[in-house]
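S.K.: Let me begin by handing over the structure; questions about it come next.
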Amino acid sequence: MKLKNFTGKIGDGDLRLLRVFCAVVRCGGFAAAESELQLGLPSISRYVKDLETRLGVRLCLRGRTGFSLTNEGRQVYAFSIQLISHLEQFEVNIRSIHTDMRGTLEIGLIDALLSDPNLNLPEVLATFKQTYPSVDFSITTATSNVIEQAVLDGSAQVGIVIGRRHIDQLDYRLLYRERSHIYCSEKHPLYDKLGVTFDEVLKYDFAGYTFLSDSERFHLHEFPRTASVDTMEAVALLMCSGKFLGSLPDHYVESYWRLQTFKPLLPETFGYTTDIEIIARRDATSPRILAFMDIIDNLRVTKLPSRKIDLVADFKG
């Protein structure tokens, strides 16, 4: 056997052979290692022989005189113990990234997620905090474009946004699709009117979102937007005045008792869906981000809501 046979590169198979060899040395022989390795003598002997062939040196002597290491075998054993120790420490270090995770997770959120049954965000946060108690939260509520910019510049690590444009530097994962309609309050002239027509709806003042295009959502028709807002709360306030129409997610209307008198107008015409997406930078490697996304994925898989949900888990970047 010649040393030149060994290239110096260690693979998974080599680690297996080295572990068997170390067990034989530690136990003091082939027969003594059977119990620890749960292998028969022929298999143990073959593994050690394969290792000798792989390394190009004789590792041990076995026969009537018993088991003993050669000089090269003693060196290989010492090196193997060192290598295995480093591998085990590496495993401990990797696990500690998660078990001892610290720091702050900065999250950007669109508003009104609390009322959305498609994503139980309180449970996500609770599960994360219970699993990683040393991680703090920094949560900001903003419009989707502001959240995207925050994730891009690093002031937020992860965000939940309305799906619109896709920026190349960000990864977008579709969580679900949210259903919305145009509503009016009981104070509005159209609330009690029968046979409301398309043209009638377009005649009334409309409270629209600054970050969404009405024409893209409502069959290329622009509403007479006389109020611009950036939150659902502001839309609902204007609609409660009885002077404005507005679009709201169904879950938002159904979750607040003061809004449950709102009436959808021509739902078969003005109903639409909005993609709700989770975003992070393409180059994100933070364990906090990955753990947060894993928890969302796990909870969505194990506790799917039963109503109005369309889940997709593909990255769309």
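In the structure tokens, the first chain shown is A, the next is B, and so on; residue numbers restart at 1 for each chain, and ligands run from 1 in the order shown.
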Which residues are close to A:Leu113, i.e. within 12 Å by only C-alpha atoms, leaving aside same-chain residues fewer than 5 positions away? Reply as a ChimeraX atom specification.

M.R.: /A:108,118-122,141-142,160-162,178,231-233,249,251-252,255,276

S.K.: How would the residues just chosen look if you wrote them out with N, CA and C atoms as a PDB file, in the first residue's frame?

M.R.:
ATOM      1  N   GLY A 108     -42.065  44.286   8.383  1.00  0.00           N
ATOM      2  CA  GLY A 108     -42.962  45.291   7.833  1.00  0.00           C
ATOM      3  C   GLY A 108     -44.277  44.648   7.432  1.00  0.00           C
ATOM      4  N   ASN A 118     -56.903  33.898   6.902  1.00  0.00           N
ATOM      5  CA  ASN A 118     -56.009  33.127   6.045  1.00  0.00           C
ATOM      6  C   ASN A 118     -54.590  33.037   6.596  1.00  0.00           C
ATOM      7  N   LEU A 119     -54.234  33.960   7.466  1.00  0.00           N
ATOM      8  CA  LEU A 119     -52.905  33.959   8.074  1.00  0.00           C
ATOM      9  C   LEU A 119     -53.057  34.324   9.533  1.00  0.00           C
ATOM     10  N   ASN A 120     -52.877  33.350  10.423  1.00  0.00           N
ATOM     11  CA  ASN A 120     -52.992  33.594  11.855  1.00  0.00           C
ATOM     12  C   ASN A 120     -51.666  34.175  12.346  1.00  0.00           C
ATOM     13  N   LEU A 121     -51.501  35.464  12.096  1.00  0.00           N
ATOM     14  CA  LEU A 121     -50.232  36.098  12.421  1.00  0.00           C
ATOM     15  C   LEU A 121     -49.942  36.112  13.927  1.00  0.00           C
ATOM     16  N   PRO A 122     -50.930  36.316  14.798  1.00  0.00           N
ATOM     17  CA  PRO A 122     -50.620  36.222  16.234  1.00  0.00           C
ATOM     18  C   PRO A 122     -50.023  34.869  16.623  1.00  0.00           C
ATOM     19  N   THR A 141     -46.047  49.072  10.521  1.00  0.00           N
ATOM     20  CA  THR A 141     -47.161  48.970   9.579  1.00  0.00           C
ATOM     21  C   THR A 141     -47.040  50.083   8.546  1.00  0.00           C
ATOM     22  N   ALA A 142     -47.089  49.706   7.276  1.00  0.00           N
ATOM     23  CA  ALA A 142     -46.920  50.694   6.209  1.00  0.00           C
ATOM     24  C   ALA A 142     -47.553  50.160   4.942  1.00  0.00           C
ATOM     25  N   ILE A 160     -44.708  41.578   4.730  1.00  0.00           N
ATOM     26  CA  ILE A 160     -45.926  41.009   4.151  1.00  0.00           C
ATOM     27  C   ILE A 160     -46.623  42.140   3.415  1.00  0.00           C
ATOM     28  N   VAL A 161     -46.810  41.952   2.099  1.00  0.00           N
ATOM     29  CA  VAL A 161     -47.252  43.034   1.235  1.00  0.00           C
ATOM     30  C   VAL A 161     -48.360  42.570   0.305  1.00  0.00           C
ATOM     31  N   ILE A 162     -48.969  43.550  -0.352  1.00  0.00           N
ATOM     32  CA  ILE A 162     -49.900  43.270  -1.440  1.00  0.00           C
ATOM     33  C   ILE A 162     -49.093  43.032  -2.712  1.00  0.00           C
ATOM     34  N   GLU A 178     -56.584  37.265  -1.185  1.00  0.00           N
ATOM     35  CA  GLU A 178     -57.596  37.928  -0.362  1.00  0.00           C
ATOM     36  C   GLU A 178     -58.732  38.426  -1.258  1.00  0.00           C
ATOM     37  N   THR A 231     -54.763  53.402   4.197  1.00  0.00           N
ATOM     38  CA  THR A 231     -55.104  52.326   5.127  1.00  0.00           C
ATOM     39  C   THR A 231     -56.577  51.966   4.992  1.00  0.00           C
ATOM     40  N   MET A 232     -56.914  50.754   5.382  1.00  0.00           N
ATOM     41  CA  MET A 232     -58.311  50.317   5.382  1.00  0.00           C
ATOM     42  C   MET A 232     -59.126  51.079   6.423  1.00  0.00           C
ATOM     43  N   GLU A 233     -58.479  51.416   7.525  1.00  0.00           N
ATOM     44  CA  GLU A 233     -59.169  52.177   8.570  1.00  0.00           C
ATOM     45  C   GLU A 233     -59.676  53.505   8.020  1.00  0.00           C
ATOM     46  N   PRO A 249     -61.445  44.399   2.026  1.00  0.00           N
ATOM     47  CA  PRO A 249     -61.436  42.934   2.062  1.00  0.00           C
ATOM     48  C   PRO A 249     -62.648  42.424   2.843  1.00  0.00           C
ATOM     49  N   HIS A 251     -62.928  39.928   4.824  1.00  0.00           N
ATOM     50  CA  HIS A 251     -62.633  39.550   6.204  1.00  0.00           C
ATOM     51  C   HIS A 251     -62.619  40.766   7.118  1.00  0.00           C
ATOM     52  N   TYR A 252     -62.209  41.919   6.590  1.00  0.00           N
ATOM     53  CA  TYR A 252     -62.152  43.137   7.398  1.00  0.00           C
ATOM     54  C   TYR A 252     -63.556  43.612   7.762  1.00  0.00           C
ATOM     55  N   SER A 255     -65.269  41.291  10.351  1.00  0.00           N
ATOM     56  CA  SER A 255     -64.649  41.165  11.670  1.00  0.00           C
ATOM     57  C   SER A 255     -65.005  42.308  12.621  1.00  0.00           C
ATOM     58  N   ILE A 276     -51.511  38.287  -1.427  1.00  0.00           N
ATOM     59  CA  ILE A 276     -50.788  38.667  -0.221  1.00  0.00           C
ATOM     60  C   ILE A 276     -49.496  37.865  -0.207  1.00  0.00           C
TER      61      ILE A 276
END

S.K.: Name the residues of stretch 40-111 of chain A that come out as strand (DSSP E) in a backbone DSSP run; write them as a list in words.

M.R.: Cys60, Leu61, Ser68, Leu69, Gly103, Thr104, Leu105, Glu106, Ile107, Gly108 and Leu109 of chain A

S.K.: Given the choices A:Arg164, A:Lys187, A:Arg281, A:Lys9, which gets closest to A:Leu238 if the distance is worked out from only C-alpha atoms?

M.R.: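 Smallest distance to A:Leu238 is found for A:Lys187.
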
S.K.: Neighbours of A:Ile289 within 12 Å (only C-alpha atoms; same-chain residues fewer than 6 positions away dropped), as a PyMOL selection string?

M.R.: chain A and resi 98+101+103-107+128+135+137+151+156-159+278-283+295-296

S.K.: Those residues with N, CA and C atoms, as a PDB file, in the first residue's frame please?

M.R.:
ATOM      1  N   HIS A  98     -29.823  28.431  15.914  1.00  0.00           N
ATOM      2  CA  HIS A  98     -31.269  28.465  16.095  1.00  0.00           C
ATOM      3  C   HIS A  98     -31.662  28.426  17.566  1.00  0.00           C
ATOM      4  N   MET A 101     -30.583  31.741  19.179  1.00  0.00           N
ATOM      5  CA  MET A 101     -30.733  32.873  18.280  1.00  0.00           C
ATOM      6  C   MET A 101     -31.055  34.139  19.071  1.00  0.00           C
ATOM      7  N   GLY A 103     -30.947  38.805  18.858  1.00  0.00           N
ATOM      8  CA  GLY A 103     -31.053  39.947  17.972  1.00  0.00           C
ATOM      9  C   GLY A 103     -32.498  40.382  17.809  1.00  0.00           C
ATOM     10  N   THR A 104     -32.748  41.139  16.767  1.00  0.00           N
ATOM     11  CA  THR A 104     -34.073  41.698  16.498  1.00  0.00           C
ATOM     12  C   THR A 104     -34.542  41.295  15.111  1.00  0.00           C
ATOM     13  N   LEU A 105     -35.787  40.884  15.010  1.00  0.00           N
ATOM     14  CA  LEU A 105     -36.401  40.594  13.718  1.00  0.00           C
ATOM     15  C   LEU A 105     -37.274  41.788  13.348  1.00  0.00           C
ATOM     16  N   GLU A 106     -36.864  42.506  12.298  1.00  0.00           N
ATOM     17  CA  GLU A 106     -37.624  43.679  11.832  1.00  0.00           C
ATOM     18  C   GLU A 106     -38.625  43.237  10.768  1.00  0.00           C
ATOM     19  N   ILE A 107     -39.911  43.498  11.024  1.00  0.00           N
ATOM     20  CA  ILE A 107     -40.981  43.035  10.151  1.00  0.00           C
ATOM     21  C   ILE A 107     -41.790  44.240   9.680  1.00  0.00           C
ATOM     22  N   PHE A 128     -42.953  31.798  17.175  1.00  0.00           N
ATOM     23  CA  PHE A 128     -41.581  32.267  17.012  1.00  0.00           C
ATOM     24  C   PHE A 128     -40.985  32.666  18.355  1.00  0.00           C
ATOM     25  N   VAL A 135     -35.004  36.548  20.808  1.00  0.00           N
ATOM     26  CA  VAL A 135     -35.157  37.436  19.648  1.00  0.00           C
ATOM     27  C   VAL A 135     -36.258  38.455  19.940  1.00  0.00           C
ATOM     28  N   PHE A 137     -38.817  41.716  18.627  1.00  0.00           N
ATOM     29  CA  PHE A 137     -39.562  42.114  17.438  1.00  0.00           C
ATOM     30  C   PHE A 137     -39.506  43.628  17.263  1.00  0.00           C
ATOM     31  N   VAL A 151     -37.257  46.660   3.120  1.00  0.00           N
ATOM     32  CA  VAL A 151     -36.556  45.380   2.985  1.00  0.00           C
ATOM     33  C   VAL A 151     -35.328  45.547   2.094  1.00  0.00           C
ATOM     34  N   ALA A 156     -35.867  46.726   7.303  1.00  0.00           N
ATOM     35  CA  ALA A 156     -36.762  45.604   7.617  1.00  0.00           C
ATOM     36  C   ALA A 156     -36.150  44.352   7.003  1.00  0.00           C
ATOM     37  N   GLN A 157     -36.289  43.228   7.696  1.00  0.00           N
ATOM     38  CA  GLN A 157     -35.725  41.980   7.198  1.00  0.00           C
ATOM     39  C   GLN A 157     -36.728  41.172   6.397  1.00  0.00           C
ATOM     40  N   VAL A 158     -37.991  41.295   6.746  1.00  0.00           N
ATOM     41  CA  VAL A 158     -39.032  40.522   6.079  1.00  0.00           C
ATOM     42  C   VAL A 158     -40.291  41.380   6.055  1.00  0.00           C
ATOM     43  N   GLY A 159     -41.128  41.181   5.040  1.00  0.00           N
ATOM     44  CA  GLY A 159     -42.342  41.972   4.943  1.00  0.00           C
ATOM     45  C   GLY A 159     -43.502  41.161   4.397  1.00  0.00           C
ATOM     46  N   ILE A 278     -45.231  37.326   1.073  1.00  0.00           N
ATOM     47  CA  ILE A 278     -44.161  37.577   2.025  1.00  0.00           C
ATOM     48  C   ILE A 278     -42.888  37.802   1.232  1.00  0.00           C
ATOM     49  N   ILE A 279     -42.102  38.783   1.641  1.00  0.00           N
ATOM     50  CA  ILE A 279     -40.922  39.152   0.871  1.00  0.00           C
ATOM     51  C   ILE A 279     -39.681  39.192   1.762  1.00  0.00           C
ATOM     52  N   ALA A 280     -38.545  38.961   1.142  1.00  0.00           N
ATOM     53  CA  ALA A 280     -37.242  39.122   1.772  1.00  0.00           C
ATOM     54  C   ALA A 280     -36.237  39.373   0.663  1.00  0.00           C
ATOM     55  N   ARG A 281     -35.076  39.850   1.013  1.00  0.00           N
ATOM     56  CA  ARG A 281     -34.045  40.041   0.003  1.00  0.00           C
ATOM     57  C   ARG A 281     -33.617  38.696  -0.574  1.00  0.00           C
ATOM     58  N   ARG A 282     -33.246  38.694  -1.836  1.00  0.00           N
ATOM     59  CA  ARG A 282     -32.808  37.455  -2.486  1.00  0.00           C
ATOM     60  C   ARG A 282     -31.577  36.866  -1.791  1.00  0.00           C
ATOM     61  N   ASP A 283     -30.720  37.734  -1.283  1.00  0.00           N
ATOM     62  CA  ASP A 283     -29.487  37.260  -0.661  1.00  0.00           C
ATOM     63  C   ASP A 283     -29.625  37.078   0.846  1.00  0.00           C
ATOM     64  N   ILE A 295     -41.817  28.963  10.112  1.00  0.00           N
ATOM     65  CA  ILE A 295     -42.970  28.895  11.021  1.00  0.00           C
ATOM     66  C   ILE A 295     -44.260  29.213  10.274  1.00  0.00           C
ATOM     67  N   ILE A 296     -44.221  30.224   9.414  1.00  0.00           N
ATOM     68  CA  ILE A 296     -45.405  30.542   8.613  1.00  0.00           C
ATOM     69  C   ILE A 296     -45.802  29.356   7.749  1.00  0.00           C
TER      70      ILE A 296
END

S.K.: Between atom CA of A:Gly242 and atom CA of A:Lys203, what is the distance in Å, rounded to a tenth?

M.R.: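 Rounded to one decimal, the two atoms are 14.3 Å apart.
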
S.K.: Which of these residues is nearest to A:Gln149, using only C-alpha atoms: A:Arg58, A:Gln169, A:Asp136, A:Arg258?

M.R.: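 Checking each candidate against A:Gln149, we get A:Gln169 as the closest.
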
S.K.: Tell me which protein, DNA and RNA residues are within 10 Å of A:Thr269, counting only C-alpha atoms, leaving out same-chain ones fewer than 2 positions away, and put them as a ChimeraX atom specification.

M.R.: /A:181-182,198,218-219,265-267,271-272

S.K.: Residues as selected, N, CA and C atoms, written as a PDB file, in the first residue's frame, can you do that?

M.R.:
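Written file, selection.pdb:
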ATOM      1  N   HIS A 181     -64.493  43.487  -2.068  1.00  0.00           N
ATOM      2  CA  HIS A 181     -65.622  44.021  -2.847  1.00  0.00           C
ATOM      3  C   HIS A 181     -65.727  45.517  -2.612  1.00  0.00           C
ATOM      4  N   ILE A 182     -66.519  46.168  -3.450  1.00  0.00           N
ATOM      5  CA  ILE A 182     -66.880  47.560  -3.205  1.00  0.00           C
ATOM      6  C   ILE A 182     -68.088  47.580  -2.273  1.00  0.00           C
ATOM      7  N   PHE A 198     -74.460  49.454 -12.928  1.00  0.00           N
ATOM      8  CA  PHE A 198     -73.034  49.730 -13.042  1.00  0.00           C
ATOM      9  C   PHE A 198     -72.785  51.231 -13.137  1.00  0.00           C
ATOM     10  N   PHE A 218     -60.938  47.090 -11.306  1.00  0.00           N
ATOM     11  CA  PHE A 218     -62.362  47.148 -11.623  1.00  0.00           C
ATOM     12  C   PHE A 218     -62.610  47.263 -13.123  1.00  0.00           C
ATOM     13  N   HIS A 219     -62.116  46.289 -13.863  1.00  0.00           N
ATOM     14  CA  HIS A 219     -62.442  46.176 -15.285  1.00  0.00           C
ATOM     15  C   HIS A 219     -62.110  47.440 -16.064  1.00  0.00           C
ATOM     16  N   LEU A 265     -71.689  46.130  -3.333  1.00  0.00           N
ATOM     17  CA  LEU A 265     -72.408  46.588  -4.516  1.00  0.00           C
ATOM     18  C   LEU A 265     -71.946  45.799  -5.733  1.00  0.00           C
ATOM     19  N   LEU A 266     -72.930  45.219  -6.441  1.00  0.00           N
ATOM     20  CA  LEU A 266     -72.637  44.427  -7.644  1.00  0.00           C
ATOM     21  C   LEU A 266     -71.421  43.516  -7.430  1.00  0.00           C
ATOM     22  N   PRO A 267     -71.507  42.602  -6.468  1.00  0.00           N
ATOM     23  CA  PRO A 267     -70.344  41.762  -6.124  1.00  0.00           C
ATOM     24  C   PRO A 267     -69.837  40.917  -7.285  1.00  0.00           C
ATOM     25  N   GLY A 271     -66.174  42.445  -7.504  1.00  0.00           N
ATOM     26  CA  GLY A 271     -65.346  41.621  -6.640  1.00  0.00           C
ATOM     27  C   GLY A 271     -63.980  41.375  -7.263  1.00  0.00           C
ATOM     28  N   TYR A 272     -62.954  41.327  -6.458  1.00  0.00           N
ATOM     29  CA  TYR A 272     -61.607  41.082  -6.985  1.00  0.00           C
ATOM     30  C   TYR A 272     -60.749  40.422  -5.908  1.00  0.00           C
TER      31      TYR A 272
END

S.K.: Which residues are close to A:Ala33, i.e. within 8 Å by only C-alpha atoms, leaving aside same-chain residues fewer than 6 positions away? Reply as a list in words.

M.R.: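 My list of contacting residues is Ala23, Val24 and Cys27 of chain A.
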
S.K.: With N, CA and C atoms retained, write the just-selected residues as a PDB file, in the first residue's frame.

M.R.:
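Done, and the output landed in again_27.pdb:
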ATOM      1  N   ALA A  23     -14.010   3.337  16.469  1.00  0.00           N
ATOM      2  CA  ALA A  23     -14.739   2.482  17.406  1.00  0.00           C
ATOM      3  C   ALA A  23     -13.948   1.212  17.702  1.00  0.00           C
ATOM      4  N   VAL A  24     -13.311   0.629  16.689  1.00  0.00           N
ATOM      5  CA  VAL A  24     -12.505  -0.582  16.884  1.00  0.00           C
ATOM      6  C   VAL A  24     -11.345  -0.292  17.837  1.00  0.00           C
ATOM      7  N   CYS A  27     -12.615   0.303  21.413  1.00  0.00           N
ATOM      8  CA  CYS A  27     -13.090  -0.919  22.067  1.00  0.00           C
ATOM      9  C   CYS A  27     -11.968  -1.953  22.258  1.00  0.00           C
TER      10      CYS A  27
END

S.K.: Could you give me, as number ranges by chain, the residues within 10 Å of A:Arg62, counting only C-alpha atoms and dropping anything in the same chain fewer than 5 positions from it?

M.R.: A: 29-30, 67-69

S.K.: Counting only C-alpha atoms, which of A:Thr140, A:Thr274, A:Gln75, A:Ser241 gets nearest to A:Arg179?

M.R.: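 Closest candidate: A:Thr274.
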